[in-house]
file target_32.tsv (TSV, C-alpha atoms)
chain	number	residue	atom	x	y	z
A	1	MET	CA	13.87	19.55	11.39
A	2	SER	CA	10.55	18.17	10.27
A	3	LEU	CA	9.40	18.15	6.68
A	4	THR	CA	6.70	20.48	5.40
A	5	ALA	CA	3.36	19.34	6.75
A	6	LEU	CA	1.06	17.52	4.36
A	7	SER	CA	-2.64	18.35	4.13
A	8	HIS	CA	-5.14	15.60	3.31
A	9	GLN	CA	-8.07	16.40	1.10
A	10	TYR	CA	-11.06	14.13	0.58
A	11	VAL	CA	-12.02	13.72	-3.05
A	12	GLY	CA	-15.11	11.61	-2.53
A	13	LEU	CA	-16.76	8.21	-2.72
A	14	SER	CA	-17.54	6.11	-5.77
A	15	THR	CA	-19.63	2.96	-5.87
A	16	THR	CA	-19.55	-0.09	-8.08
A	17	THR	CA	-21.73	-3.18	-7.95
A	18	ALA	CA	-19.99	-4.97	-10.81
A	19	VAL	CA	-17.78	-7.88	-9.85
A	20	THR	CA	-14.76	-7.15	-12.04
A	21	ALA	CA	-11.42	-5.54	-11.43
A	22	ALA	CA	-12.11	-3.25	-14.37
A	23	ALA	CA	-15.28	-1.97	-12.72
A	24	GLN	CA	-13.35	-1.27	-9.54
A	25	LEU	CA	-10.67	0.58	-11.45
A	26	ASP	CA	-13.29	2.56	-13.32
A	27	ALA	CA	-14.97	3.50	-10.05
A	28	LEU	CA	-11.60	4.65	-8.79
A	29	TRP	CA	-10.92	6.47	-12.04
A	30	SER	CA	-13.94	8.70	-11.55
A	31	LEU	CA	-12.44	9.83	-8.24
A	32	LEU	CA	-8.85	10.07	-9.40
A	33	THR	CA	-9.83	12.43	-12.20
A	34	ALA	CA	-12.41	14.47	-10.30
A	35	THR	CA	-12.36	18.21	-10.89
A	36	THR	CA	-13.72	19.08	-7.46
A	37	TYR	CA	-13.07	17.91	-3.94
A	38	PHE	CA	-15.88	16.70	-1.70
A	39	ASP	CA	-16.10	20.14	-0.13
A	40	GLY	CA	-16.74	21.70	-3.54
A	41	SER	CA	-13.33	23.29	-3.96
A	42	THR	CA	-11.60	23.02	-7.31
A	43	ARG	CA	-9.25	20.12	-7.95
A	44	THR	CA	-6.66	20.78	-10.64
A	45	PRO	CA	-4.37	17.80	-11.37
A	46	GLY	CA	-0.74	18.77	-11.02
A	47	SER	CA	-1.29	21.58	-8.55
A	48	GLY	CA	-1.92	21.83	-4.83
A	49	ASN	CA	-2.58	18.33	-3.53
A	50	ALA	CA	-4.01	16.96	-6.76
A	51	TRP	CA	-2.25	13.99	-8.32
A	52	THR	CA	-2.31	13.43	-12.05
A	53	TRP	CA	-3.62	9.98	-12.95
A	54	ALA	CA	-3.45	8.04	-16.18
A	55	ARG	CA	-4.94	4.68	-17.04
A	56	TYR	CA	-4.03	1.71	-19.18
A	57	GLN	CA	-6.84	-0.02	-21.02
A	58	ASN	CA	-6.61	-3.34	-22.83
A	59	GLY	CA	-9.10	-2.62	-25.59
A	60	SER	CA	-11.76	-0.82	-23.60
A	61	VAL	CA	-11.08	-2.72	-20.39
A	62	THR	CA	-9.21	-0.82	-17.68
A	63	GLU	CA	-6.36	-2.88	-16.23
A	64	ALA	CA	-4.21	-0.25	-14.50
A	65	VAL	CA	-4.15	3.32	-13.27
A	66	TYR	CA	-1.06	5.21	-12.17
A	67	GLY	CA	-0.60	8.49	-10.41
A	68	THR	CA	2.03	11.21	-10.39
A	69	PRO	CA	2.19	13.59	-7.44
A	70	PRO	CA	2.02	17.33	-8.06
A	71	SER	CA	5.43	17.87	-6.50
A	72	GLY	CA	8.57	16.03	-5.47
A	73	SER	CA	12.02	15.31	-6.83
A	74	MET	CA	12.05	11.50	-6.72
A	75	ALA	CA	9.88	10.77	-9.79
A	76	GLN	CA	7.39	8.93	-7.63
A	77	ARG	CA	4.49	6.96	-9.10
A	78	VAL	CA	1.73	4.88	-7.51
A	79	LEU	CA	0.43	2.07	-9.70
A	80	ILE	CA	-2.81	0.11	-9.18
A	81	ALA	CA	-3.58	-2.89	-11.37
A	82	GLY	CA	-6.16	-5.62	-11.71
A	83	TYR	CA	-7.42	-7.96	-14.43
A	84	ALA	CA	-9.88	-10.73	-15.25
A	85	SER	CA	-7.23	-13.11	-16.59
A	86	ALA	CA	-3.59	-13.12	-15.57
A	87	PRO	CA	-1.25	-11.41	-18.02
A	88	THR	CA	2.00	-12.84	-19.36
A	89	PRO	CA	4.47	-12.27	-17.88
A	90	ALA	CA	2.92	-12.37	-14.43
A	91	ILE	CA	2.81	-9.12	-12.49
A	92	THR	CA	5.73	-8.71	-10.11
A	93	MET	CA	4.42	-9.09	-6.59
A	94	LEU	CA	6.03	-8.04	-3.32
A	95	ALA	CA	6.51	-10.82	-0.78
A	96	PRO	CA	4.57	-12.41	0.66
A	97	ASP	CA	1.51	-11.58	-1.46
A	98	THR	CA	0.50	-13.61	-4.49
A	99	ALA	CA	-1.44	-12.17	-7.40
A	100	GLN	CA	-5.18	-12.72	-7.47
A	101	THR	CA	-7.50	-12.47	-10.42
A	102	THR	CA	-9.97	-9.60	-9.99
A	103	THR	CA	-8.20	-8.24	-6.91
A	104	LEU	CA	-6.62	-4.81	-7.21
A	105	HIS	CA	-2.91	-4.63	-6.48
A	106	ILE	CA	-0.87	-1.57	-5.53
A	107	GLY	CA	2.81	-0.69	-5.82
A	108	ILE	CA	5.11	2.30	-5.72
A	109	SER	CA	7.94	3.39	-8.01
A	110	LEU	CA	10.77	5.89	-7.57
A	111	GLY	CA	13.16	7.22	-10.18
A	112	SER	CA	10.40	6.55	-12.67
A	113	GLY	CA	10.60	6.98	-16.40
A	114	ALA	CA	7.75	6.56	-18.85
A	115	PHE	CA	5.12	3.92	-18.06
A	116	THR	CA	5.73	0.69	-19.96
A	117	THR	CA	3.26	-1.99	-18.88
A	118	TYR	CA	1.85	-2.86	-15.48
A	119	ASN	CA	3.21	-6.41	-15.71
A	120	ALA	CA	6.74	-5.42	-16.65
A	121	ALA	CA	9.46	-6.27	-14.16
A	122	LEU	CA	9.95	-2.48	-13.94
A	123	PRO	CA	6.66	-0.80	-14.95
A	124	PHE	CA	8.35	2.58	-15.17
A	125	GLY	CA	11.43	1.54	-17.08
A	126	ALA	CA	15.07	0.70	-16.59
A	127	GLY	CA	16.74	2.37	-13.67
A	128	SER	CA	13.53	2.86	-11.70
A	129	ARG	CA	12.95	1.43	-8.25
A	130	TRP	CA	9.80	-0.71	-8.13
A	131	SER	CA	8.32	-2.12	-4.93
A	132	GLY	CA	6.26	-4.88	-6.49
A	133	TYR	CA	2.55	-5.23	-5.73
A	134	TRP	CA	0.65	-5.96	-2.58
A	135	ARG	CA	-3.07	-6.71	-2.60
A	136	LEU	CA	-5.16	-3.60	-2.17
A	137	SER	CA	-8.60	-5.18	-2.11
A	138	GLY	CA	-10.24	-8.54	-1.59
A	139	GLY	CA	-10.81	-11.01	-4.37
A	140	VAL	CA	-14.10	-10.69	-6.20
A	141	SER	CA	-13.71	-14.30	-7.22
A	142	ALA	CA	-14.01	-15.26	-3.58
A	143	GLY	CA	-17.53	-13.84	-3.59
A	144	ILE	CA	-16.57	-10.54	-2.02
A	145	THR	CA	-17.83	-7.53	-3.89
A	146	PRO	CA	-16.12	-4.20	-3.31
A	147	THR	CA	-18.84	-1.61	-3.37
A	148	ASP	CA	-17.37	1.72	-2.37
A	149	TRP	CA	-14.05	3.44	-2.91
A	150	ARG	CA	-12.94	6.54	-1.05
A	151	TYR	CA	-9.95	8.60	-2.14
A	152	TYR	CA	-7.89	11.08	-0.12
A	153	GLU	CA	-4.70	12.79	-1.28
A	154	THR	CA	-1.91	15.06	-0.17
A	155	ALA	CA	0.80	16.53	-2.34
A	156	GLU	CA	2.97	13.47	-1.68
A	157	THR	CA	0.73	10.62	-0.54
A	158	VAL	CA	-2.55	8.90	-1.39
A	159	VAL	CA	-5.08	7.02	0.73
A	160	LEU	CA	-7.58	4.62	-0.84
A	161	VAL	CA	-10.35	2.94	1.12
A	162	CYS	CA	-12.23	-0.03	-0.31
A	163	SER	CA	-15.50	-0.73	1.49
A	164	VAL	CA	-16.52	-4.32	0.91
A	165	GLN	CA	-20.24	-4.96	0.95
A	166	GLY	CA	-20.62	-1.59	2.63
A	167	THR	CA	-19.37	-2.73	5.98
A	168	ASN	CA	-15.85	-4.10	5.78
A	169	HIS	CA	-13.08	-1.69	4.94
A	170	ARG	CA	-9.59	-2.04	3.53
A	171	VAL	CA	-7.09	0.77	3.30
A	172	GLY	CA	-4.13	1.47	1.05
A	173	HIS	CA	-1.70	4.26	1.92
A	174	ALA	CA	1.27	5.03	-0.34
A	175	GLY	CA	3.84	7.66	-1.15
A	176	ALA	CA	6.27	9.78	0.84
A	177	ILE	CA	4.60	8.51	3.96
A	178	ILE	CA	7.37	8.91	6.53
A	179	ASP	CA	9.37	11.80	7.90
A	180	PRO	CA	12.52	10.14	9.23
A	181	GLU	CA	13.37	13.32	11.18
A	182	THR	CA	16.95	12.92	10.00
A	183	VAL	CA	18.81	13.41	6.73
A	184	ASP	CA	21.28	10.57	7.30
A	185	ALA	CA	21.59	8.78	3.96
A	186	VAL	CA	20.79	5.34	5.33
A	187	ASP	CA	17.61	6.68	6.93
A	188	ALA	CA	16.28	9.15	4.33
A	189	GLU	CA	16.13	9.54	0.58
A	190	THR	CA	18.00	12.49	-0.90
A	191	ASP	CA	14.86	14.59	-0.50
A	192	GLY	CA	14.72	13.83	3.22
A	193	ARG	CA	11.71	11.53	2.93
A	194	VAL	CA	10.98	7.83	3.26
A	195	TYR	CA	8.69	6.23	0.67
A	196	GLY	CA	6.53	3.22	1.33
A	197	MET	CA	3.07	1.78	1.54
A	198	TYR	CA	0.52	0.05	3.74
A	199	VAL	CA	-2.32	-2.29	2.83
A	200	THR	CA	-4.91	-3.79	5.13
A	201	GLY	CA	-4.69	-6.73	2.78
A	202	GLY	CA	-6.80	-9.01	0.65
A	203	ASN	CA	-7.95	-11.23	3.52
A	204	ASN	CA	-8.65	-8.70	6.20
A	205	ASN	CA	-10.82	-5.78	7.13
A	206	ILE	CA	-9.71	-2.87	9.25
A	207	ALA	CA	-10.11	-4.14	12.79
A	208	SER	CA	-11.95	-2.25	15.51
A	209	SER	CA	-8.80	-2.83	17.61
A	210	MET	CA	-6.47	-1.68	14.83
A	211	LEU	CA	-4.40	0.48	17.20
A	212	SER	CA	-4.46	-1.43	20.47
A	213	SER	CA	-3.46	-4.62	18.66
A	214	VAL	CA	-0.35	-5.22	16.61
A	215	ALA	CA	-1.37	-8.68	15.42
A	216	ALA	CA	-0.65	-9.19	11.75
A	217	GLN	CA	-4.16	-9.07	10.34
A	218	GLY	CA	-6.40	-6.01	10.04
A	219	ASN	CA	-4.41	-3.60	12.17
A	220	TRP	CA	-2.77	-0.31	11.34
A	221	TYR	CA	0.83	-0.44	10.10
A	222	VAL	CA	1.64	-4.01	10.98
A	223	HIS	CA	3.30	-6.54	8.71
A	224	GLY	CA	2.13	-10.12	8.33
A	225	GLY	CA	4.23	-12.86	6.79
A	226	LEU	CA	1.50	-14.60	4.80
A	227	ALA	CA	-0.18	-13.72	1.52
A	228	GLY	CA	-3.31	-11.63	2.01
A	229	TYR	CA	-2.32	-10.45	5.47
A	230	THR	CA	-1.84	-6.81	6.36
A	231	HIS	CA	1.46	-5.42	5.09
A	232	SER	CA	3.54	-2.29	5.73
A	233	GLY	CA	6.86	-1.45	4.15
A	234	MET	CA	9.31	1.14	2.92
A	235	PHE	CA	12.10	1.51	0.42
A	236	SER	CA	15.47	1.25	2.08
A	237	PRO	CA	16.74	4.74	1.17
A	238	GLY	CA	18.72	4.84	-2.05
A	239	THR	CA	18.04	1.21	-2.90
A	240	SER	CA	15.34	-1.00	-4.41
A	241	THR	CA	15.14	-3.10	-1.26
A	242	PHE	CA	11.78	-3.00	0.48
A	243	MET	CA	11.82	-3.34	4.24
A	244	PRO	CA	8.93	-4.19	6.57
A	245	LEU	CA	7.52	-1.50	8.84
A	246	THR	CA	6.06	-2.12	12.26
A	247	ARG	CA	4.22	0.11	14.68
A	248	PRO	CA	5.18	0.18	18.35
A	249	ASN	CA	2.04	-0.10	20.44
A	250	PHE	CA	1.78	2.71	22.94
A	251	LEU	CA	-1.69	1.74	24.08
A	252	ASN	CA	-1.91	-0.71	26.95
A	253	THR	CA	-4.85	-2.91	27.73
A	254	SER	CA	-6.21	-0.69	30.50
A	255	ILE	CA	-6.34	2.45	28.34
A	256	ALA	CA	-7.02	0.97	24.93
A	257	HIS	CA	-8.12	4.22	23.36
A	258	VAL	CA	-6.78	7.70	22.76
A	259	LEU	CA	-8.70	9.89	25.18
A	260	PRO	CA	-10.26	13.27	24.40
A	261	THR	CA	-9.38	16.34	26.42
A	262	SER	CA	-11.67	17.34	29.28
A	263	THR	CA	-13.41	19.79	26.94
A	264	GLY	CA	-13.93	17.15	24.26
A	265	ARG	CA	-11.11	18.09	21.93
A	266	SER	CA	-9.31	15.37	20.00
A	267	PRO	CA	-5.58	15.05	20.57
A	268	ARG	CA	-3.48	14.07	17.59
A	269	TRP	CA	-0.65	11.85	18.70
A	270	PRO	CA	2.23	11.48	16.26
A	271	MET	CA	2.48	7.94	14.96
A	272	LEU	CA	5.98	6.49	14.98
A	273	LEU	CA	7.19	3.48	13.02
A	274	ASN	CA	10.11	1.09	13.15
A	275	ARG	CA	11.74	-0.66	10.23
A	276	SER	CA	12.59	-4.36	10.21
A	277	GLY	CA	11.87	-4.36	13.92
A	278	THR	CA	15.38	-3.13	14.66
A	279	ASN	CA	15.58	0.58	13.80
A	280	PHE	CA	13.47	3.70	14.01
A	281	ALA	CA	11.95	4.56	10.63
A	282	GLY	CA	10.29	7.85	11.40
A	283	ARG	CA	6.98	9.60	11.88
A	284	LEU	CA	4.00	8.82	9.71
A	285	ARG	CA	3.34	12.11	7.97
A	286	GLU	CA	0.14	13.79	9.09
A	287	VAL	CA	-1.55	10.55	10.04
A	288	THR	CA	-2.13	10.51	13.79
A	289	TRP	CA	-3.69	8.58	16.62
A	290	THR	CA	-6.94	10.22	17.68
A	291	PRO	CA	-9.97	9.36	19.83
A	292	ASP	CA	-12.47	6.80	18.54
A	293	GLY	CA	-14.69	7.74	15.63
A	294	THR	CA	-16.35	6.47	12.48
A	295	LEU	CA	-14.84	5.91	9.07
A	296	GLY	CA	-15.55	8.66	6.59
A	297	SER	CA	-16.41	11.29	9.14
A	298	GLY	CA	-14.53	14.55	9.33
A	299	LEU	CA	-13.06	16.05	12.46
A	300	VAL	CA	-14.17	19.65	12.63
A	301	ALA	CA	-13.05	22.63	14.66
A	302	GLY	CA	-15.79	25.22	14.45
A	303	LEU	CA	-16.65	25.35	10.77
A	304	THR	CA	-13.30	24.02	9.61
A	305	THR	CA	-12.55	20.40	8.78
A	306	VAL	CA	-9.22	19.56	10.35
A	307	GLY	CA	-9.04	15.89	9.45
A	308	TYR	CA	-10.71	12.72	8.20
A	309	ARG	CA	-11.18	9.59	10.27
A	310	ILE	CA	-10.17	6.08	9.25
A	311	SER	CA	-11.60	3.29	11.38
A	312	SER	CA	-13.36	-0.05	11.17
A	313	SER	CA	-16.92	1.13	10.66
A	314	THR	CA	-19.06	3.90	9.28
A	315	ALA	CA	-21.76	2.98	11.79
A	316	PHE	CA	-20.08	2.74	15.19
A	317	SER	CA	-17.05	4.33	16.82
A	318	SER	CA	-13.86	2.35	17.11
A	319	GLU	CA	-10.14	2.96	17.23
A	320	THR	CA	-9.29	5.66	14.73
A	321	VAL	CA	-6.46	7.29	12.86
A	322	LEU	CA	-6.81	10.80	11.58
A	323	LEU	CA	-5.75	11.98	8.14
A	324	VAL	CA	-4.81	15.51	9.10
A	325	ARG	CA	-6.25	18.21	6.87
B	1	MET	CA	10.93	-14.04	7.63
B	2	THR	CA	14.08	-15.23	5.95
B	3	TYR	CA	14.50	-15.01	2.19
B	4	THR	CA	14.32	-18.79	1.96
B	5	GLU	CA	11.03	-18.81	3.85
B	6	GLN	CA	9.58	-16.12	1.59
B	7	ILE	CA	10.61	-18.00	-1.55
B	8	GLU	CA	9.34	-21.34	-0.27
B	9	GLN	CA	5.97	-19.77	0.50
B	10	TYR	CA	5.67	-18.86	-3.16
B	11	VAL	CA	6.70	-22.32	-4.30
B	12	ALA	CA	4.09	-23.78	-1.98
B	13	ALA	CA	1.48	-21.45	-3.47
B	14	TYR	CA	2.41	-22.56	-6.99
B	15	PRO	CA	2.87	-26.35	-6.74
B	16	GLU	CA	3.47	-26.63	-10.49
B	17	THR	CA	6.83	-24.93	-9.97
B	18	ALA	CA	9.69	-26.84	-11.54
B	19	GLN	CA	12.34	-24.12	-11.68
B	20	ALA	CA	13.02	-21.02	-9.61
B	21	ARG	CA	15.12	-18.13	-10.78
B	22	LEU	CA	16.34	-16.36	-7.67
B	23	THR	CA	17.90	-12.97	-7.38
B	24	GLU	CA	21.60	-13.23	-6.71
B	25	ALA	CA	21.44	-10.61	-3.98
B	26	CYS	CA	19.33	-12.80	-1.71
B	27	GLY	CA	22.03	-15.44	-1.45
B	28	VAL	CA	19.60	-18.36	-1.60
B	29	THR	CA	20.81	-21.23	-3.76
B	30	THR	CA	18.73	-24.14	-2.50
B	31	LEU	CA	15.14	-24.65	-1.36
B	32	PRO	CA	15.34	-27.35	1.30
B	33	ALA	CA	11.57	-27.83	1.51
B	34	PHE	CA	11.33	-28.34	-2.25
B	35	PRO	CA	14.31	-30.40	-3.35
B	36	HIS	CA	12.67	-31.18	-6.71
B	37	VAL	CA	12.72	-27.51	-7.73
B	38	ILE	CA	15.74	-26.58	-9.82
B	39	VAL	CA	17.25	-23.31	-8.62
B	40	HIS	CA	18.97	-20.83	-10.92
B	41	VAL	CA	20.58	-17.66	-9.65
B	42	TRP	CA	20.22	-14.62	-11.87
B	43	PRO	CA	21.24	-10.96	-11.78
B	44	GLU	CA	17.69	-9.54	-11.80
B	45	ASP	CA	16.38	-8.05	-8.59
B	46	PHE	CA	13.20	-10.13	-8.59
B	47	CYS	CA	12.53	-13.86	-8.47
B	48	GLU	CA	10.59	-15.92	-10.99
B	49	LEU	CA	8.97	-19.32	-10.86
B	50	GLU	CA	8.54	-21.45	-13.96
B	51	ASP	CA	6.67	-24.65	-14.66
B	52	ALA	CA	8.15	-27.72	-16.31
B	53	ASN	CA	7.63	-26.17	-19.74
B	54	GLY	CA	9.55	-23.05	-18.79
B	55	ALA	CA	6.41	-20.94	-18.66
B	56	ASP	CA	6.46	-18.03	-16.23
B	57	ILE	CA	4.13	-18.74	-13.29
B	58	ALA	CA	4.90	-16.01	-10.78
B	59	ARG	CA	7.23	-13.08	-10.22
B	60	PHE	CA	7.96	-11.50	-6.89
B	61	ARG	CA	10.33	-9.26	-5.01
B	62	LEU	CA	11.57	-10.14	-1.55
B	63	VAL	CA	11.08	-8.06	1.58
B	64	GLY	CA	13.92	-7.53	4.00
call {"tool": "encode", "arguments": {"input": "target_32.tsv", "output": "structure tokens"}}
result
Amino acid sequence: MSLTALSHQYVGLSTTTAVTAAAQLDALWSLLTATTYFDGSTRTPGSGNAWTWARYQNGSVTEAVYGTPPSGSMAQRVLIAGYASAPTPAITMLAPDTAQTTTLHIGISLGSGAFTTYNAALPFGAGSRWSGYWRLSGGVSAGITPTDWRYYETAETVVLVCSVQGTNHRVGHAGAIIDPETVDAVDAETDGRVYGMYVTGGNNNIASSMLSSVAAQGNWYVHGGLAGYTHSGMFSPGTSTFMPLTRPNFLNTSIAHVLPTSTGRSPRWPMLLNRSGTNFAGRLREVTWTPDGTLGSGLVAGLTTVGYRISSSTAFSSETVLLVR
Amino acid sequence: MTYTEQIEQYVAAYPETAQARLTEACGVTTLPAFPHVIVHVWPEDFCELEDANGADIARFRLVG
């Protein structure tokens, strides 16, 4: 039996022109602590879909933010960190990514206690399960300036979109992202969920062919074996081992798009994932295949927004996933 | 990728590596591509690279 359906809500967009990790984190912070959603409805941290975020500042410089979901029994946290000079000890990365100065990094923790430091081997204390960090954004030091951040949330997951120079987009997706559709202990945590994350990566932008291609750079839920590539992974249930996720490609080259119905409606195909290339992992929760669209646009039915599109461009239509509202 | 390949990628990224502390659970005890790197196995569940002065260069967890 499937888990309770999640409902994505769009918080909004925040812009920074400063070329520091702190400026990026501060731009994110304004979204993470917003008191209203984009549609004007009230956002109360700790209730509904609203995560509660805290930040760590070194002096007055923001170096990390971490979020707690409004519900759940696994003591989940999502941690995002970045800095101008590398801390000692080094932050604990997740293979194959290496840390980059001024890039933001993202990781997930289960069984979390109190926050210690973002560069601790276990940022949420002894006994917690820490993924390590993957790169969430591109390196400012490489001359790439993140300009816009978008933030979407459900009661158990978060989606962050970094728009580089207004045109190139990188996505992070983290939390209880997968419904394994089974409660077998090797396939599901004790709460019936699978926790993990996806990053488009430090080197890549979301590709216009992100669904019809499963190459390891820029595509949706693929896993590349080099630092900066696109990565997808999940906690092996009950353990601290992180396993790669891959997406079977159901689109062939002659029908490289999800097609609308004859009346123009947008189907929402469930998105299924495998783990380590050898076993079924589950269904990505309320993130579906859908016909081509533009990033940032909402899918509406009458006067109701029923989802938010993630794709390669805000200007032209390309292969799209839908964050179901 | 194998654990050895993942670890050797990190060593390649940090050429000043002189010692590698590798998590016991991964079962890797040698780095064939980097015979000059001294390998220690430890009970932590992450790996750590150190330079010749013993300074921490990089920490990482393995995928797989």
call {"tool": "interface_residues", "arguments": {"input": "target_32.tsv", "of": "chain B", "to": "chain A", "cutoff": "12 Å", "atoms": "only C-alpha atoms", "output": "NGL selection string"}}
result
:B and (1-14 or 23 or 25-26 or 44-50 or 54-64)
call {"tool": "residues_near_point", "arguments": {"input": "target_32.tsv", "point": "(-3.0, 5.5, -5.5)", "cutoff": "7 Å", "atoms": "only C-alpha atoms", "output": "JSON, numbers by chain"}}
result
{"A": [66, 67, 78, 79, 80, 158, 159, 160, 174]}
call {"tool": "atom_distance", "arguments": {"input": "target_32.tsv", "atom1": "CA of Gly113 in chain A", "atom2": "CA of Gly125 in chain A"}}
result
5.5 Å
call {"tool": "atom_distance", "arguments": {"input": "target_32.tsv", "atom1": "CA of Ala33 in chain B", "atom2": "CA of Gly138 in chain A"}}
result
29.3 Å
call {"tool": "atom_distance", "arguments": {"input": "target_32.tsv", "atom1": "CA of Pro248 in chain A", "atom2": "CA of Ser209 in chain A"}}
result
14.3 Å
call {"tool": "residues_near_point", "arguments": {"input": "target_32.tsv", "point": "(20.0, -25.1, -1.5)", "cutoff": "12 Å", "atoms": "only C-alpha atoms", "output": "PyMOL selection string"}}
result
chain B and resi 4+7-8+20+22+27-41
call {"tool": "residues_around", "arguments": {"input": "target_32.tsv", "residues": "Asn205 in chain A", "least_positions_apart": "4", "cutoff": "12 Å", "atoms": "all atoms listed in the file", "output": "PyMOL selection string"}}
result
chain A and resi 136-138+144+146+161-172+199-201+209-210+216-220+228-230+311-313
call {"tool": "write_last_selection", "arguments": {"input": "target_32.tsv", "atoms": "C-alpha atoms", "output": "PDB file, keeping the file's coordinate frame"}}
result
ATOM      1  CA  LEU A 136      -5.160  -3.600  -2.170  1.00  0.00           C
ATOM      2  CA  SER A 137      -8.600  -5.180  -2.110  1.00  0.00           C
ATOM      3  CA  GLY A 138     -10.240  -8.540  -1.590  1.00  0.00           C
ATOM      4  CA  ILE A 144     -16.570 -10.540  -2.020  1.00  0.00           C
ATOM      5  CA  PRO A 146     -16.120  -4.200  -3.310  1.00  0.00           C
ATOM      6  CA  VAL A 161     -10.350   2.940   1.120  1.00  0.00           C
ATOM      7  CA  CYS A 162     -12.230  -0.030  -0.310  1.00  0.00           C
ATOM      8  CA  SER A 163     -15.500  -0.730   1.490  1.00  0.00           C
ATOM      9  CA  VAL A 164     -16.520  -4.320   0.910  1.00  0.00           C
ATOM     10  CA  GLN A 165     -20.240  -4.960   0.950  1.00  0.00           C
ATOM     11  CA  GLY A 166     -20.620  -1.590   2.630  1.00  0.00           C
ATOM     12  CA  THR A 167     -19.370  -2.730   5.980  1.00  0.00           C
ATOM     13  CA  ASN A 168     -15.850  -4.100   5.780  1.00  0.00           C
ATOM     14  CA  HIS A 169     -13.080  -1.690   4.940  1.00  0.00           C
ATOM     15  CA  ARG A 170      -9.590  -2.040   3.530  1.00  0.00           C
ATOM     16  CA  VAL A 171      -7.090   0.770   3.300  1.00  0.00           C
ATOM     17  CA  GLY A 172      -4.130   1.470   1.050  1.00  0.00           C
ATOM     18  CA  VAL A 199      -2.320  -2.290   2.830  1.00  0.00           C
ATOM     19  CA  THR A 200      -4.910  -3.790   5.130  1.00  0.00           C
ATOM     20  CA  GLY A 201      -4.690  -6.730   2.780  1.00  0.00           C
ATOM     21  CA  SER A 209      -8.800  -2.830  17.610  1.00  0.00           C
ATOM     22  CA  MET A 210      -6.470  -1.680  14.830  1.00  0.00           C
ATOM     23  CA  ALA A 216      -0.650  -9.190  11.750  1.00  0.00           C
ATOM     24  CA  GLN A 217      -4.160  -9.070  10.340  1.00  0.00           C
ATOM     25  CA  GLY A 218      -6.400  -6.010  10.040  1.00  0.00           C
ATOM     26  CA  ASN A 219      -4.410  -3.600  12.170  1.00  0.00           C
ATOM     27  CA  TRP A 220      -2.770  -0.310  11.340  1.00  0.00           C
ATOM     28  CA  GLY A 228      -3.310 -11.630   2.010  1.00  0.00           C
ATOM     29  CA  TYR A 229      -2.320 -10.450   5.470  1.00  0.00           C
ATOM     30  CA  THR A 230      -1.840  -6.810   6.360  1.00  0.00           C
ATOM     31  CA  SER A 311     -11.600   3.290  11.380  1.00  0.00           C
ATOM     32  CA  SER A 312     -13.360  -0.050  11.170  1.00  0.00           C
ATOM     33  CA  SER A 313     -16.920   1.130  10.660  1.00  0.00           C
TER      34      SER A 313
END
